[in-house]
$ cat upload-v7.txt   # compact mmCIF, C-alpha atoms
# COMPACT_ATOMS: atom_id res chain seq x y z
CA MET A 35 -8.70 -1.77 -45.07
CA LEU A 36 -10.60 0.26 -42.45
CA GLN A 37 -8.95 3.46 -43.70
CA GLU A 38 -9.80 2.48 -47.25
CA LEU A 39 -13.48 2.01 -46.30
CA MET A 40 -13.50 5.34 -44.49
CA ILE A 41 -11.85 7.10 -47.44
CA ARG A 42 -14.41 5.68 -49.88
CA ASN A 43 -17.11 6.62 -47.36
CA ILE A 44 -18.92 3.30 -47.74
CA LYS A 45 -21.94 3.21 -45.49
CA PRO A 46 -22.01 -0.06 -43.52
CA MET A 47 -24.77 -2.57 -44.03
CA ARG A 48 -26.72 -2.53 -40.76
CA ILE A 49 -28.26 -5.64 -39.21
CA ASP A 50 -30.44 -5.13 -36.13
CA GLY A 51 -30.56 -8.20 -33.89
CA ASN A 52 -30.32 -11.72 -35.28
CA VAL A 53 -28.25 -12.32 -38.40
CA PRO A 54 -30.28 -14.39 -40.88
CA THR A 55 -28.68 -17.82 -41.42
CA GLU A 56 -28.73 -17.30 -45.18
CA PHE A 57 -26.80 -14.02 -44.88
CA ASN A 58 -23.53 -14.16 -46.84
CA PHE A 59 -20.70 -12.17 -45.24
CA ASP A 60 -18.59 -12.65 -48.39
CA LYS A 61 -20.83 -10.25 -50.28
CA CYS A 62 -20.34 -7.35 -47.84
CA ASN A 63 -17.15 -5.76 -46.65
CA ASN A 64 -18.62 -3.25 -44.21
CA ILE A 65 -21.22 -4.58 -41.78
CA LEU A 66 -22.62 -3.15 -38.56
CA ILE A 67 -24.48 -5.65 -36.37
CA LYS A 68 -26.56 -3.91 -33.70
CA SER A 69 -27.03 -6.35 -30.82
CA LYS A 70 -30.43 -6.61 -29.16
CA HIS A 71 -29.54 -9.46 -26.80
CA GLN A 72 -26.48 -8.46 -24.76
CA SER A 73 -28.39 -8.81 -21.48
CA TYR A 74 -30.70 -11.66 -22.52
CA LEU A 75 -30.82 -14.49 -19.95
CA THR A 76 -27.37 -14.53 -18.33
CA HIS A 77 -25.47 -12.75 -21.12
CA GLY A 78 -25.35 -9.55 -19.06
CA ILE A 79 -24.13 -11.15 -15.84
CA HIS A 80 -20.69 -9.52 -16.11
CA LYS A 81 -19.10 -6.68 -18.08
CA PHE A 82 -16.38 -8.92 -19.49
CA PRO A 83 -14.03 -6.96 -21.78
CA ALA A 84 -14.33 -7.50 -25.54
CA LYS A 85 -17.05 -10.11 -25.26
CA PHE A 86 -19.04 -11.38 -28.22
CA PHE A 87 -22.49 -10.00 -28.79
CA PRO A 88 -24.73 -13.12 -28.80
CA GLU A 89 -26.01 -12.70 -32.35
CA LEU A 90 -22.66 -13.54 -33.98
CA PRO A 91 -22.01 -16.94 -32.32
CA ARG A 92 -25.75 -17.70 -32.68
CA TYR A 93 -25.48 -17.07 -36.44
CA LEU A 94 -22.30 -19.15 -36.79
CA ILE A 95 -23.64 -22.05 -34.69
CA ASN A 96 -26.89 -22.14 -36.69
CA LYS A 97 -25.07 -21.89 -40.01
CA TYR A 98 -22.26 -24.41 -39.42
CA SER A 99 -23.67 -27.00 -36.99
CA LYS A 100 -26.79 -28.96 -36.22
CA ARG A 101 -28.59 -30.02 -33.02
CA GLU A 102 -26.47 -32.19 -30.71
CA ASP A 103 -23.21 -31.32 -32.52
CA ARG A 104 -20.23 -30.53 -30.29
CA ILE A 105 -18.95 -26.94 -30.13
CA LEU A 106 -15.45 -26.19 -28.81
CA ASP A 107 -14.53 -22.66 -27.76
CA PRO A 108 -10.79 -22.72 -26.94
CA MET A 109 -10.82 -19.16 -25.52
CA CYS A 110 -14.33 -19.05 -24.10
CA GLY A 111 -13.97 -15.77 -22.19
CA SER A 112 -17.33 -15.02 -20.59
CA GLY A 113 -19.07 -17.99 -22.24
CA THR A 114 -21.24 -16.25 -24.84
CA THR A 115 -20.63 -18.93 -27.47
CA LEU A 116 -21.19 -21.70 -24.92
CA LEU A 117 -24.50 -20.24 -23.71
CA GLU A 118 -25.71 -19.78 -27.29
CA GLY A 119 -24.65 -23.35 -28.07
CA LEU A 120 -26.60 -24.69 -25.10
CA LEU A 121 -29.66 -22.66 -26.11
CA LEU A 122 -29.39 -24.17 -29.59
CA SER A 123 -29.14 -27.75 -28.22
CA ARG A 124 -25.44 -28.23 -28.89
CA GLU A 125 -22.95 -30.00 -26.65
CA VAL A 126 -20.43 -27.34 -25.61
CA ILE A 127 -16.86 -27.40 -24.34
CA GLY A 128 -15.13 -24.25 -23.18
CA ILE A 129 -11.48 -23.70 -22.30
CA ASP A 130 -9.84 -20.58 -20.92
CA ILE A 131 -6.60 -19.91 -19.09
CA ASP A 132 -8.17 -17.05 -17.08
CA PRO A 133 -9.75 -18.30 -13.81
CA MET A 134 -12.15 -15.33 -13.75
CA ALA A 135 -13.33 -16.17 -17.27
CA ARG A 136 -13.90 -19.79 -16.22
CA LEU A 137 -15.93 -18.69 -13.19
CA ILE A 138 -18.06 -16.27 -15.23
CA THR A 139 -18.64 -18.97 -17.84
CA LYS A 140 -19.64 -21.49 -15.19
CA VAL A 141 -22.11 -19.08 -13.62
CA LYS A 142 -23.42 -17.98 -17.00
CA THR A 143 -24.04 -21.52 -18.30
CA THR A 144 -25.20 -23.35 -15.17
CA PRO A 145 -28.94 -23.99 -15.31
CA VAL A 146 -30.79 -23.41 -12.06
CA GLN A 147 -34.42 -24.41 -11.69
CA SER A 148 -36.60 -21.34 -11.11
CA ARG A 149 -38.37 -23.06 -8.21
CA LEU A 150 -35.08 -23.71 -6.38
CA LEU A 151 -33.82 -20.22 -7.07
CA ASP A 152 -37.05 -18.72 -5.72
CA LYS A 153 -36.80 -20.82 -2.55
CA ALA A 154 -33.19 -19.75 -2.03
CA ARG A 155 -34.12 -16.10 -2.62
CA VAL A 156 -36.97 -16.20 -0.09
CA PHE A 157 -34.76 -17.98 2.45
CA LEU A 158 -31.97 -15.41 2.08
CA GLN A 159 -34.35 -12.44 2.15
CA GLN A 160 -35.84 -13.67 5.43
CA ASP A 161 -32.41 -14.24 6.94
CA ILE A 162 -31.14 -10.83 5.81
CA ARG A 163 -34.26 -9.12 7.18
CA GLN A 164 -33.70 -10.80 10.58
CA ARG A 165 -30.05 -9.74 10.59
CA MET A 166 -30.97 -6.13 9.86
CA LEU A 167 -33.65 -6.06 12.55
CA SER A 168 -31.22 -7.48 15.12
CA LYS A 169 -29.14 -4.25 14.89
CA LYS A 170 -25.97 -6.33 15.17
CA LYS A 171 -23.27 -4.63 13.11
CA PRO A 172 -21.93 -6.91 10.35
CA ALA A 173 -18.27 -7.09 9.38
CA ILE A 174 -17.53 -4.58 6.63
CA PRO A 175 -14.32 -5.09 4.66
CA GLU A 176 -11.85 -2.26 4.28
CA PHE A 177 -11.19 -1.04 0.75
CA ASN A 178 -10.16 2.19 -0.92
CA TYR A 179 -12.87 4.86 -1.25
CA ARG A 180 -15.34 2.70 0.69
CA ASN A 181 -16.79 5.61 2.64
CA LYS A 182 -16.88 7.86 -0.42
CA TRP A 183 -18.72 5.34 -2.56
CA PHE A 184 -21.22 4.03 -0.01
CA LYS A 185 -23.24 5.48 2.84
CA GLN A 186 -22.87 3.67 6.15
CA PHE A 187 -26.33 2.07 6.05
CA ILE A 188 -25.59 0.66 2.56
CA LEU A 189 -22.30 -0.81 3.80
CA GLU A 190 -24.19 -2.45 6.68
CA GLU A 191 -26.82 -3.83 4.31
CA LEU A 192 -24.10 -5.24 2.04
CA GLY A 193 -22.34 -6.70 5.09
CA ASN A 194 -25.57 -8.41 6.18
CA ILE A 195 -26.11 -9.80 2.68
CA LYS A 196 -22.55 -11.12 2.54
CA GLU A 197 -22.77 -12.72 6.00
CA SER A 198 -26.11 -14.31 5.15
CA ILE A 199 -24.75 -15.85 1.96
CA LEU A 200 -21.53 -17.05 3.62
CA THR A 201 -23.37 -18.43 6.65
CA ASN A 202 -26.18 -20.09 4.71
CA GLY A 203 -24.37 -21.17 1.54
CA GLY A 204 -24.49 -24.82 2.61
CA VAL A 205 -28.08 -24.71 3.88
CA HIS A 206 -30.92 -26.31 1.95
CA PRO A 207 -32.47 -24.84 -0.36
CA ILE A 208 -29.48 -22.67 -1.24
CA LYS A 209 -27.14 -25.65 -1.43
CA ARG A 210 -29.53 -27.44 -3.78
CA ALA A 211 -29.82 -24.38 -6.03
CA LEU A 212 -26.06 -23.90 -6.15
CA SER A 213 -25.14 -27.57 -6.63
CA ARG A 214 -26.79 -27.96 -10.05
CA SER A 215 -23.65 -27.02 -11.97
CA PRO A 216 -22.75 -29.34 -14.87
CA VAL A 217 -19.18 -27.97 -14.91
$ encode --input "upload-v7.txt" --output "structure tokens"
Amino acid sequence: MLQELMIRNIKPMRIDGNVPTEFNFDKCNNILIKSKHQSYLTHGIHKFPAKFFPELPRYLINKYSKREDRILDPMCGSGTTLLEGLLLSREVIGIDIDPMARLITKVKTTPVQSRLLDKARVFLQQDIRQRMLSKKKPAIPEFNYRNKWFKQFILEELGNIKESILTNGGVHPIKRALSRSPV
């Protein structure tokens, strides 16, 4: 079919951004949807391979369900359909065999109150600043090309950030911000 379209040189119908709910895919056989929302909210949190662009599940959810309906995504990947479902007031259920996909989906769909996130950020920034001023060298993990990819001071900064998060992960307000997961 793709070769046939290329041979006939049919120019694709282009849709920029949201697909109108009344759009009928049956009437077009060559469509190009240009996403405008791939980094909106938490959609851009990870470069998951072959992930949906948000406009397609948004279109399908709007077209085939109503508020408070239940949406099941049996191969949820990075959670694009689940996030769009939540944004459209649907109850969502996601399943995936891949533990990394489940983690990305959990992070992507877990609401965190801005106030708690700001408190956690300020707390961590202060702790990291104190660690850097102390001149104590943090533990830096060994990995291939480490010294080619990063300058020493960057590695030390990353080490301080990692130690601060690991040391303070259970400390209020960070614990409160991180414990809001519905999953």
$ atom_distance --input "upload-v7.txt" --atom1 "CA of Ile174 (chain A)" --atom2 "CA of Leu189 (chain A)"
6.7 Å
$ closest_residue --input "upload-v7.txt" --among "A:Gly128, A:Pro46, A:Gly119, A:Pro133" --to "Leu106 (chain A)" --atoms "only C-alpha atoms"
A:Gly128
$ closest_residue --input "upload-v7.txt" --among "A:Glu197, A:Asp50, A:Glu118, A:Val141" --to "Leu94 (chain A)" --atoms "only C-alpha atoms"
A:Glu118
$ residues_around --input "upload-v7.txt" --residues "Lys70 (chain A)" --least-positions-apart "2" --cutoff "12 Å" --atoms "only C-alpha atoms" --output "list in words"
Ile49, Asp50, Gly51, Asn52, Val53, Ile67, Lys68, Gln72, Ser73, Tyr74, His77, Gly78, Phe87, Pro88, Glu89 and Leu90 of chain A
$ residues_around --input "upload-v7.txt" --residues "Thr76 (chain A)" --least-positions-apart "5" --cutoff "10 Å" --atoms "all atoms listed in the file" --output "PyMOL selection string"
chain A and resi 113-114+117+138-139+141-144
$ atom_distance --input "upload-v7.txt" --atom1 "CA of Phe184 (chain A)" --atom2 "CA of Phe157 (chain A)"
26.0 Å
$ closest_residue --input "upload-v7.txt" --among "A:Ile195, A:Met166, A:Ile95, A:Ala173" --to "Leu121 (chain A)" --atoms "all atoms listed in the file"
A:Ile95
$ atom_distance --input "upload-v7.txt" --atom1 "CA of Tyr93 (chain A)" --atom2 "CA of Ile44 (chain A)"
24.2 Å
$ residues_around --input "upload-v7.txt" --residues "Leu122 (chain A)" --least-positions-apart "2" --cutoff "10 Å" --atoms "all atoms listed in the file" --output "PyMOL selection string"
chain A and resi 92+95-96+99-103+116-120+124-125
$ residues_around --input "upload-v7.txt" --residues "Gln160 (chain A)" --least-positions-apart "5" --cutoff "12 Å" --atoms "only C-alpha atoms" --output "ChimeraX atom specification"
/A:153-155,165-167,194-195,198-199,202
